[in-house]
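Asks: Coordinates in run-v3.txt, compact mmCIF, C-alpha atoms and all ligand atoms, are listed below.
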```txt
# COMPACT_ATOMS: atom_id res chain seq x y z
CA MET H 1 267.11 109.84 -24.13
CA TRP H 2 268.14 106.40 -23.23
CA GLY H 3 271.84 106.14 -23.69
CA PRO H 4 273.35 108.39 -21.09
CA THR H 5 271.76 106.55 -18.22
CA LEU H 6 272.34 103.08 -19.57
CA ARG H 7 274.74 101.16 -17.44
CA ALA H 8 275.74 97.63 -16.68
CA GLN H 9 273.96 96.58 -13.55
CA GLN H 10 274.84 93.03 -12.92
CA PHE H 11 276.84 90.21 -14.37
CA THR H 12 275.77 86.67 -13.67
CA ARG H 13 278.93 84.68 -14.23
CA SER H 14 277.26 81.29 -14.43
CA THR H 15 275.20 82.25 -17.47
CA SER H 16 277.60 84.74 -19.12
CA ARG H 17 274.84 87.27 -19.13
CA TRP H 18 274.90 90.97 -18.74
CA GLU H 19 271.88 92.76 -17.57
CA MET H 20 271.77 96.45 -18.24
CA THR H 21 269.34 98.83 -16.76
CA CYS H 22 268.47 102.31 -17.79
CA CYS H 23 266.13 103.04 -15.04
CA ARG H 24 266.60 106.43 -13.61
CA ARG H 25 263.97 108.24 -15.55
CA SER H 26 262.89 106.34 -18.54
CA THR H 27 261.87 103.24 -16.58
CA LYS H 28 263.30 101.22 -19.44
CA TRP H 29 265.81 98.48 -19.34
CA ALA H 30 267.81 96.62 -21.91
CA ALA H 31 269.20 93.13 -21.73
CA ILE H 32 272.52 92.37 -23.35
CA VAL H 33 273.87 88.86 -23.71
CA ASP H 34 277.51 88.37 -24.63
CA GLY H 35 277.70 91.84 -26.14
CA GLU H 36 274.48 91.48 -28.12
CA ALA H 37 271.42 93.45 -27.16
CA LYS H 38 268.62 90.95 -26.89
CA GLY H 39 265.68 92.67 -25.39
CA TYR H 40 264.26 95.62 -23.64
CA GLY H 41 261.24 96.49 -21.60
CA SER H 42 259.59 98.80 -19.17
CA GLU H 43 259.88 97.96 -15.53
CA ASP H 44 260.10 99.50 -12.12
CA PRO H 45 263.01 101.92 -11.84
CA GLY H 46 266.06 100.56 -10.15
CA VAL H 47 265.13 96.93 -10.58
CA ALA H 48 267.39 94.71 -12.66
CA LYS H 49 265.12 92.01 -13.99
CA PRO H 50 266.36 88.47 -14.38
CA LEU H 51 267.10 87.85 -18.01
CA LYS H 52 264.89 85.23 -19.59
CA GLU H 53 263.96 84.82 -23.25
CA HIS H 54 263.71 88.07 -25.12
CA PRO H 55 262.83 88.81 -28.72
CA PRO H 56 265.62 90.15 -30.89
CA PHE H 57 266.45 93.70 -30.06
CA ALA H 58 264.36 95.60 -32.55
CA SER H 59 263.73 99.04 -31.15
CA SER H 60 265.63 101.95 -32.57
CA ARG H 61 265.97 103.11 -28.99
CA GLY H 62 268.08 100.05 -28.41
CA THR H 63 270.90 101.39 -30.50
CA TRP H 64 271.93 103.40 -27.50
CA GLY H 65 272.42 100.28 -25.49
CA ARG H 66 274.38 98.68 -28.27
CA ALA H 67 276.53 101.78 -28.77
CA SER H 68 277.37 101.86 -25.13
CA PHE H 69 278.49 98.31 -25.20
CA LEU H 70 280.33 98.42 -28.49
CA GLN H 71 282.90 100.61 -26.86
CA MET H 72 284.07 97.68 -24.79
CA PRO H 73 287.45 96.18 -25.63
CA ALA H 74 287.21 93.72 -28.52
CA ALA H 75 288.08 90.85 -26.19
CA ALA H 76 285.03 91.59 -24.14
CA MET H 77 282.85 91.55 -27.24
CA SER H 78 284.10 88.27 -28.63
CA THR H 79 284.54 86.32 -25.44
CA PRO H 80 281.91 85.90 -22.78
CA PRO H 81 283.27 87.57 -19.67
CA SER H 82 284.73 85.16 -17.20
CA ALA H 83 286.72 85.41 -14.02
CA HIS H 84 289.92 84.88 -16.06
CA THR H 85 289.37 87.36 -18.89
CA PRO H 86 292.06 90.07 -18.55
CA TYR H 87 290.14 93.26 -19.38
CA SER H 88 291.90 96.55 -19.14
CA TYR H 89 288.61 97.94 -17.87
CA HIS H 90 285.88 96.10 -16.15
CA PRO H 91 283.04 96.38 -18.68
CA ARG H 92 280.82 97.87 -16.00
CA GLU H 93 283.28 100.73 -15.51
CA LEU H 94 283.53 101.29 -19.24
CA ALA H 95 279.79 101.55 -19.68
CA ALA H 96 279.61 103.97 -16.75
CA HIS H 97 282.50 106.02 -18.20
CA ASP H 98 280.59 106.32 -21.43
CA ALA H 99 277.42 107.28 -19.60
CA VAL H 100 279.19 109.99 -17.59
CA ARG H 101 280.75 111.40 -20.78
CA HIS H 102 277.27 111.70 -22.30
CA LEU H 103 275.91 113.33 -19.19
CA LEU H 104 278.73 115.88 -19.08
CA ALA H 105 278.20 116.69 -22.75
CA GLN H 106 274.56 117.45 -22.03
CA ARG H 107 275.34 119.40 -18.87
CA TYR H 108 277.58 121.77 -20.83
CA GLY H 109 275.79 121.48 -24.16
CA SER H 110 279.12 120.69 -25.68
CA ALA H 111 281.45 117.83 -26.45
CA ARG H 112 284.21 119.82 -24.70
CA THR H 113 283.67 118.82 -21.10
CA PRO H 114 285.70 118.01 -18.01
CA GLU H 115 287.25 114.58 -18.34
CA PRO H 116 285.15 111.95 -16.52
CA PHE H 117 286.97 111.03 -13.35
CA GLY H 118 286.34 108.59 -10.52
CA ILE H 119 283.22 107.27 -12.22
CA ASN H 120 280.51 105.81 -10.06
CA THR H 121 276.75 105.74 -9.93
CA THR H 122 276.59 108.61 -7.42
CA LEU H 123 278.28 110.87 -9.96
CA GLU H 124 275.98 109.62 -12.68
CA HIS H 125 272.94 110.54 -10.60
CA ILE H 126 274.31 113.98 -9.76
CA LEU H 127 275.14 114.75 -13.38
CA ALA H 128 271.81 113.43 -14.68
CA HIS H 129 269.73 115.85 -12.59
CA ARG H 130 266.83 117.61 -14.20
CA SER H 131 263.68 118.99 -12.59
CA VAL H 132 260.59 116.83 -13.12
CA ARG H 133 257.15 118.41 -12.96
CA ARG H 134 254.93 115.64 -14.34
CA TYR H 135 254.43 112.38 -12.49
CA SER H 136 252.74 109.04 -12.93
CA PRO H 137 249.92 108.38 -10.45
CA ARG H 138 252.00 105.74 -8.67
CA PRO H 139 252.25 106.70 -5.00
CA VAL H 140 255.48 107.28 -3.14
CA SER H 141 255.53 104.93 -0.18
CA GLU H 142 255.89 105.88 3.48
CA GLN H 143 259.07 103.81 3.53
CA THR H 144 260.48 105.93 0.69
CA LEU H 145 259.56 109.12 2.53
CA GLU H 146 261.34 107.97 5.66
CA PHE H 147 264.36 106.97 3.62
CA LEU H 148 264.46 110.41 1.98
CA VAL H 149 264.33 112.07 5.39
CA ALA H 150 267.16 109.82 6.58
CA ALA H 151 269.18 110.99 3.58
CA ALA H 152 268.32 114.60 4.42
CA GLN H 153 269.37 114.14 8.03
CA SER H 154 272.66 112.67 6.87
CA ALA H 155 273.74 116.00 5.39
CA ALA H 156 276.27 118.13 7.19
CA ASN H 157 274.68 120.88 9.26
CA SER H 158 275.89 123.90 11.19
CA SER H 159 277.32 122.83 14.59
CA ASN H 160 274.93 119.85 14.49
CA LEU H 161 272.16 122.17 15.66
CA GLN H 162 269.87 120.65 13.00
CA LEU H 163 267.91 123.84 12.49
CA TRP H 164 265.40 122.48 9.98
CA SER H 165 262.21 120.46 9.77
CA VAL H 166 260.10 119.16 6.93
CA VAL H 167 256.32 118.79 6.56
CA THR H 168 254.82 116.24 4.21
CA VAL H 169 251.49 117.55 2.96
CA SER H 170 248.94 115.00 1.83
CA ASP H 171 245.66 116.74 2.71
CA PRO H 172 244.17 117.77 -0.68
CA GLU H 173 242.71 121.02 0.62
CA ARG H 174 246.06 122.13 2.06
CA ARG H 175 247.71 121.16 -1.22
CA ARG H 176 245.21 123.26 -3.13
CA GLN H 177 245.89 126.25 -0.90
CA LEU H 178 249.66 125.82 -1.23
CA ALA H 179 249.35 125.56 -5.01
CA SER H 180 247.47 128.85 -4.99
CA VAL H 181 250.28 130.48 -2.96
CA THR H 182 252.71 129.37 -5.67
CA GLY H 183 250.69 131.09 -8.40
CA GLY H 184 248.80 127.96 -9.39
CA GLN H 185 251.67 125.56 -10.09
CA SER H 186 249.66 122.43 -10.75
CA HIS H 187 252.47 120.02 -9.81
CA VAL H 188 252.19 121.29 -6.22
CA GLU H 189 248.66 119.90 -6.12
CA ARG H 190 249.33 116.78 -8.15
CA SER H 191 252.71 115.41 -7.11
CA PRO H 192 252.42 112.14 -5.19
CA LEU H 193 254.53 113.60 -2.40
CA PHE H 194 254.84 117.26 -1.46
CA LEU H 195 257.36 118.33 1.13
CA VAL H 196 257.75 121.77 2.66
CA TRP H 197 261.24 122.41 3.99
CA LEU H 198 261.41 124.67 7.01
CA ALA H 199 264.14 126.75 8.59
CA ASP H 200 263.30 125.91 12.19
CA LEU H 201 264.45 128.15 15.01
CA HIS H 202 261.44 127.17 17.11
CA ARG H 203 262.84 123.86 18.31
CA ILE H 204 266.06 125.39 19.61
CA SER H 205 264.10 128.23 21.14
CA GLU H 206 261.84 125.75 22.97
CA ILE H 207 264.86 123.86 24.21
CA ALA H 208 266.21 127.11 25.67
CA ASP H 209 262.84 127.84 27.29
CA ARG H 210 262.74 124.41 28.90
CA ARG H 211 266.25 124.87 30.17
CA GLN H 212 265.27 128.36 31.30
CA THR H 213 268.27 129.88 29.55
CA SER H 214 268.39 133.08 27.54
CA LYS H 215 268.19 133.04 23.77
CA ASP H 216 269.73 136.32 22.76
CA GLY H 217 271.36 134.73 19.72
CA ILE H 218 268.08 133.91 18.02
CA PRO H 219 267.09 137.17 16.30
CA PHE H 220 270.24 137.53 14.21
CA LEU H 221 270.65 137.18 10.47
CA GLU H 222 273.51 134.77 11.07
CA THR H 223 271.28 132.39 13.04
CA PHE H 224 268.56 132.48 10.41
CA LEU H 225 271.13 132.07 7.61
CA SER H 226 272.53 128.97 9.34
CA ALA H 227 269.04 127.50 9.46
CA VAL H 228 268.44 128.29 5.77
CA VAL H 229 271.76 126.81 4.70
CA ASP H 230 271.10 123.65 6.71
CA THR H 231 267.62 123.35 5.24
CA ALA H 232 268.97 123.59 1.70
CA LEU H 233 271.73 121.06 2.26
CA ALA H 234 269.30 118.60 3.82
CA ALA H 235 266.76 119.00 1.02
CA GLN H 236 269.38 118.54 -1.66
CA ASN H 237 270.48 115.28 -0.02
CA ALA H 238 266.86 114.13 -0.17
CA VAL H 239 266.67 115.15 -3.82
CA LEU H 240 269.75 113.15 -4.69
CA ALA H 241 268.48 110.14 -2.78
CA ALA H 242 265.13 110.43 -4.56
CA GLU H 243 266.78 110.70 -7.97
CA SER H 244 268.96 107.69 -7.22
CA LEU H 245 265.75 105.71 -6.67
CA GLY H 246 264.36 106.83 -10.02
CA LEU H 247 262.07 109.49 -8.56
CA GLY H 248 261.75 112.95 -10.05
CA THR H 249 261.63 116.16 -8.05
CA VAL H 250 261.25 119.89 -8.42
CA TYR H 251 261.89 122.56 -5.83
CA ILE H 252 259.15 125.12 -5.29
CA GLY H 253 260.64 128.44 -4.23
CA ALA H 254 257.30 130.11 -4.92
CA ILE H 255 256.22 128.87 -1.50
CA ARG H 256 257.99 132.01 -0.25
CA ASN H 257 255.46 134.20 -2.05
CA GLN H 258 253.42 134.37 1.15
CA PRO H 259 255.29 132.98 4.17
CA ASN H 260 252.57 133.86 6.63
CA ARG H 261 249.81 132.27 4.57
CA VAL H 262 251.93 129.12 4.32
CA ALA H 263 252.46 129.27 8.08
CA ASP H 264 248.68 129.38 8.58
CA ILE H 265 248.08 126.49 6.19
CA LEU H 266 250.66 124.32 7.93
CA SER H 267 250.14 125.60 11.49
CA LEU H 268 253.75 126.67 11.79
CA PRO H 269 254.81 128.10 15.15
CA PRO H 270 256.77 131.38 15.40
CA ASN H 271 260.39 131.23 14.29
CA VAL H 272 259.66 128.64 11.61
CA VAL H 273 259.78 129.71 7.95
CA ALA H 274 259.00 127.68 4.84
CA ILE H 275 262.08 128.02 2.59
CA PHE H 276 260.86 125.98 -0.37
CA GLY H 277 258.58 123.14 -1.29
CA LEU H 278 259.60 119.96 -3.06
CA CYS H 279 257.41 117.91 -5.38
CA VAL H 280 258.41 114.25 -5.52
CA GLY H 281 257.02 111.49 -7.71
CA TRP H 282 257.73 108.83 -10.29
CA PRO H 283 258.32 110.67 -13.56
CA ASP H 284 255.54 110.40 -16.12
CA PRO H 285 257.20 108.22 -18.78
CA ASP H 286 255.24 110.02 -21.52
CA ILE H 287 256.70 113.44 -20.68
CA PRO H 288 260.39 113.51 -21.49
CA THR H 289 262.71 115.70 -19.48
CA ALA H 290 266.15 116.90 -20.41
CA ILE H 291 269.38 117.95 -18.79
CA LYS H 292 269.54 121.72 -18.81
CA PRO H 293 272.92 123.12 -19.86
CA ARG H 294 274.85 125.12 -17.29
CA LEU H 295 277.37 127.94 -17.63
CA PRO H 296 280.78 126.93 -18.90
CA GLN H 297 283.09 126.10 -16.01
CA GLU H 298 285.47 128.99 -16.70
CA VAL H 299 282.67 131.40 -15.80
CA VAL H 300 282.02 129.93 -12.36
CA LEU H 301 285.41 128.47 -11.42
CA HIS H 302 287.88 131.11 -10.26
CA ARG H 303 291.45 130.33 -9.36
CA ASP H 304 293.05 132.12 -6.42
CA VAL H 305 291.27 135.38 -7.14
CA TYR H 306 287.93 136.37 -8.58
CA ARG H 307 288.16 137.23 -12.25
CA SER H 308 285.72 139.62 -13.84
CA LEU H 309 283.19 138.48 -16.38
CA GLU H 310 284.96 140.60 -18.98
CA ALA H 311 287.27 137.73 -19.78
CA HIS H 312 284.35 135.42 -20.56
CA LEU H 313 281.96 137.43 -22.67
CA GLY H 314 282.43 135.06 -25.60
CA SER H 315 281.58 132.09 -23.36
CA LEU H 316 278.44 133.85 -22.22
CA GLU H 317 277.28 134.46 -25.77
CA ASP H 318 277.92 130.84 -26.51
CA TYR H 319 275.90 129.82 -23.45
CA ASP H 320 273.02 132.06 -24.52
CA ARG H 321 272.91 130.20 -27.82
CA LYS H 322 272.91 126.81 -26.08
CA VAL H 323 270.13 127.75 -23.71
CA THR H 324 268.04 129.20 -26.52
CA GLU H 325 268.52 126.00 -28.49
CA PHE H 326 267.61 123.96 -25.40
CA GLN H 327 264.42 125.97 -24.98
CA ARG H 328 263.56 125.42 -28.63
CA GLN H 329 264.17 121.68 -28.46
CA THR H 330 262.24 121.21 -25.23
CA ARG H 331 259.46 123.54 -26.40
CA SER H 332 259.93 125.60 -23.28
CA SER H 333 257.38 128.34 -22.57
CA THR H 334 260.36 130.68 -22.05
CA GLN H 335 262.17 131.59 -25.26
CA LYS H 336 264.80 133.99 -24.06
CA ALA H 337 268.56 134.24 -23.90
CA TRP H 338 269.87 133.36 -20.47
CA THR H 339 271.60 136.71 -19.95
CA GLU H 340 268.41 138.55 -20.89
CA LYS H 341 266.31 136.48 -18.48
CA SER H 342 268.88 136.88 -15.72
CA ALA H 343 269.03 140.65 -16.13
CA GLU H 344 265.23 140.85 -16.18
CA SER H 345 265.01 138.94 -12.91
CA ILE H 346 266.68 141.80 -11.04
CA ALA H 347 265.62 144.73 -13.21
CA THR H 348 262.63 145.76 -11.14
CA VAL H 349 261.16 145.22 -7.71
CA ALA H 350 258.10 143.77 -9.45
CA ALA H 351 260.34 141.04 -10.86
CA LEU H 352 260.65 139.69 -7.31
CA GLY H 353 257.06 138.53 -7.68
CA GLY H 354 255.87 140.09 -4.43
CA ARG H 355 258.70 138.67 -2.34
CA HIS H 356 260.21 142.11 -1.77
CA ILE H 357 258.22 142.21 1.48
CA LEU H 358 259.95 139.08 2.78
CA ARG H 359 261.71 140.88 5.64
CA ALA H 360 258.40 142.19 6.97
CA GLU H 361 256.81 138.76 6.53
CA LEU H 362 259.66 137.15 8.44
CA ALA H 363 259.40 139.72 11.22
CA ALA H 364 255.75 138.79 11.56
CA ARG H 365 256.86 135.19 12.00
CA GLY H 366 259.06 136.29 14.89
CA VAL H 367 262.24 135.92 12.86
CA GLY H 368 264.67 138.75 13.53
CA LEU H 369 267.39 139.65 11.04
CA GLU H 370 269.63 141.85 13.16
C1 LIG P 401 265.34 127.04 -4.54
C2 LIG P 401 264.69 126.68 -5.85
C3 LIG P 401 263.40 127.11 -6.11
C4 LIG P 401 262.76 126.72 -7.29
N1 LIG P 401 261.45 127.08 -7.49
C5 LIG P 401 260.76 126.59 -8.53
C6 LIG P 401 259.37 126.81 -8.65
O1 LIG P 401 258.74 127.50 -7.84
N2 LIG P 401 258.72 126.24 -9.68
C7 LIG P 401 259.36 125.45 -10.60
O2 LIG P 401 258.69 124.93 -11.50
N3 LIG P 401 260.69 125.24 -10.53
C8 LIG P 401 261.40 125.76 -9.51
N4 LIG P 401 262.74 125.50 -9.37
C9 LIG P 401 263.42 124.69 -10.39
C10 LIG P 401 264.38 125.53 -11.22
O3 LIG P 401 263.65 126.29 -12.14
C11 LIG P 401 265.34 124.57 -11.95
O4 LIG P 401 266.08 123.85 -10.99
C12 LIG P 401 266.31 125.33 -12.86
O5 LIG P 401 265.62 125.92 -13.93
C13 LIG P 401 267.35 124.39 -13.45
O6 LIG P 401 266.72 123.33 -14.15
P1 LIG P 401 266.99 121.81 -13.77
O7 LIG P 401 266.67 121.63 -12.31
O8 LIG P 401 266.08 121.00 -14.64
O9 LIG P 401 268.43 121.54 -14.05
C14 LIG P 401 263.41 125.91 -8.24
C15 LIG P 401 264.73 125.50 -7.97
C16 LIG P 401 265.35 125.87 -6.81
C17 LIG P 401 266.74 125.37 -6.51
```
As structure tokens, please, write out the structure in this file.
Ligand SMILES: Cc1cc2nc3c(=O)[nH]c(=O)nc-3n(C[C@H](O)[C@H](O)[C@H](O)COP(=O)(O)O)c2cc1C
Replies:
Amino acid sequence: MWGPTLRAQQFTRSTSRWEMTCCRRSTKWAAIVDGEAKGYGSEDPGVAKPLKEHPPFASSRGTWGRASFLQMPAAAMSTPPSAHTPYSYHPRELAAHDAVRHLLAQRYGSARTPEPFGINTTLEHILAHRSVRRYSPRPVSEQTLEFLVAAAQSAANSSNLQLWSVVTVSDPERRRQLASVTGGQSHVERSPLFLVWLADLHRISEIADRRQTSKDGIPFLETFLSAVVDTALAAQNAVLAAESLGLGTVYIGAIRNQPNRVADILSLPPNVVAIFGLCVGWPDPDIPTAIKPRLPQEVVLHRDVYRSLEAHLGSLEDYDRKVTEFQRQTRSSTQKAWTEKSAESIATVAALGGRHILRAELAARGVGLE
């Protein structure tokens, strides 16, 4: 799975050299000189290595890099790029265009995809998302953590009230307890970084107390919903930032299995609820991950008015087949059609995995849902 993320990173005009990196997940890079792939290696994600002497490009994996580049205009292949070469596309854009096309094809499990538009690396990172549950032992630095939180804080939030907080959990015993809350998800214990994202109505409540003003607006569903929405937007910004650095992440909604136990483990004050956890780490290069296909756009994109599913039953059947094939290829523990799994998830109260008592749990945390 090299090709889709391969992209031109840097052109050093003085040496007519292209360096290409394919760093996001595979921690691999390829070096291409004057249109010829010359070498590849394994390096830190996100780092374009200076090109020195490389053996001839021998790996079969390298064909991806070559294929990406072969789609450049012939002029770019035969002539070393220079400031005066009139390309219809900058080769960097062309490689990115190709990469985005691949990513879209995987996202929809089909060659029929939306036309790539306004290509840039942000879009590449968004489209390349996949959850990562296995990590290399390499730690995630404090600097990275602070950067991720800066990204999270940069998200839009309701009325700038900033009704969320995040706890980074490094104490092994707390990690073990949190993993047990999640039904024994081992990545919760093992990920280099584990963040718990909190809807936080405590801070605003304290502010009101200090100002000796009333806080009648706290115990309403709307207030809690604002906090949850803000928490999710912030966390997703952190996820995107992490992925852009080559890190892998997975959300852990199972943290909501026992909100009050989680509150005890993390010493949460009243009016603070853990919404989900987030494992973060450098992906284990030996465990491949894949882009999971999503519903065809016509099922989720409505125009002017909501259209019933009736019109899309064929698309759904098609999607079921794609997901089943994806599960087969990735040797997923779940081998079920998507519609079947979806229906099962709401068929019984038991399918909520114990979270049907969430309202009572929240009430115990002082959170009102009037
Ligand atoms: C709010 C939320 C909670 C999730 N909880 C879990 C979880 O507890 N354990 C887990 O392994 N994955 C969890 N996931 C990951 C989803 O299963 C995953 O995002 C989904 O299957 C789509 O796959 P992808 O992220 O690889 O595209 C969660 C995702 C979200 C957004």
Asks: Please identify all protein, DNA and RNA residues within 9 Å of ligand LIG 401 (chain P), counting all atoms listed in the file, and report them as an MDAnalysis selection string.
Replies: chainID H and resid 107 128:133 182:183 185 187:188 232 236 249:256 275:278 289:294
Asks: Closest to Val169 in chain H among H:Tyr108, H:Phe194, H:Phe220, H:Tyr319, using all atoms listed in the file?
Replies: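 Residue with the minimum atom-to-atom distance to Val169 in chain H: H:Phe194.
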Asks: Show me the residues around (253.0, 106.2, -8.0) - criterion: an atom at most 9 Å away, all atoms listed in the file counted - as a list in words.
Replies: Tyr135, Ser136, Pro137, Arg138, Pro139, Val140, Ser141, Pro192, Gly281, Trp282 and Pro283 of chain H
Asks: Take the point (265.1, 135.0, -26.4) in the file's coordinates, draw a sphere of radius 10 Å around it, and report as a VMD selection string every protein, DNA or RNA residue with an atom inside or on it, counting only C-alpha atoms.
Replies: chain H and resid 320 to 321 323 to 325 327 to 328 334 to 341
Asks: Could you state the separation of CA of Val228 in chain H and CA of Ala199 in chain H in Å, given to one decimal place?
Replies: 5.4 Å
Asks: Between H:Leu161, H:Leu352, H:Ile126, H:Ala179, single out the one closest to Ile204 in chain H, counting only C-alpha atoms.
Replies: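 Among the listed residues, the smallest separation from Ile204 in chain H belongs to H:Leu161.
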Asks: Please report the interatomic distance between CA of Leu233 in chain H and CA of Val273 in chain H in Å with one decimal.
Replies: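 Interatomic distance, CA of Leu233 in chain H to CA of Val273 in chain H: 15.8 Å.
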Asks: Using CA of Lys322 in chain H and CA of Thr348 in chain H as the two end points, give the distance in Å to one decimal.
Replies: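 These atoms are spaced 26.2 Å apart.
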Asks: Of the residues H:Glu317, H:Pro296, H:Val229, H:Gly184, which is the one nearest to Pro114 in chain H, using all atoms listed in the file?
Replies: H:Pro296
Asks: Calculated over all atoms listed in the file, which of the candidates H:Cys279, H:Ala238, H:Leu268, H:Leu369 has the smallest distance to Ala151 in chain H?
Replies: H:Ala238
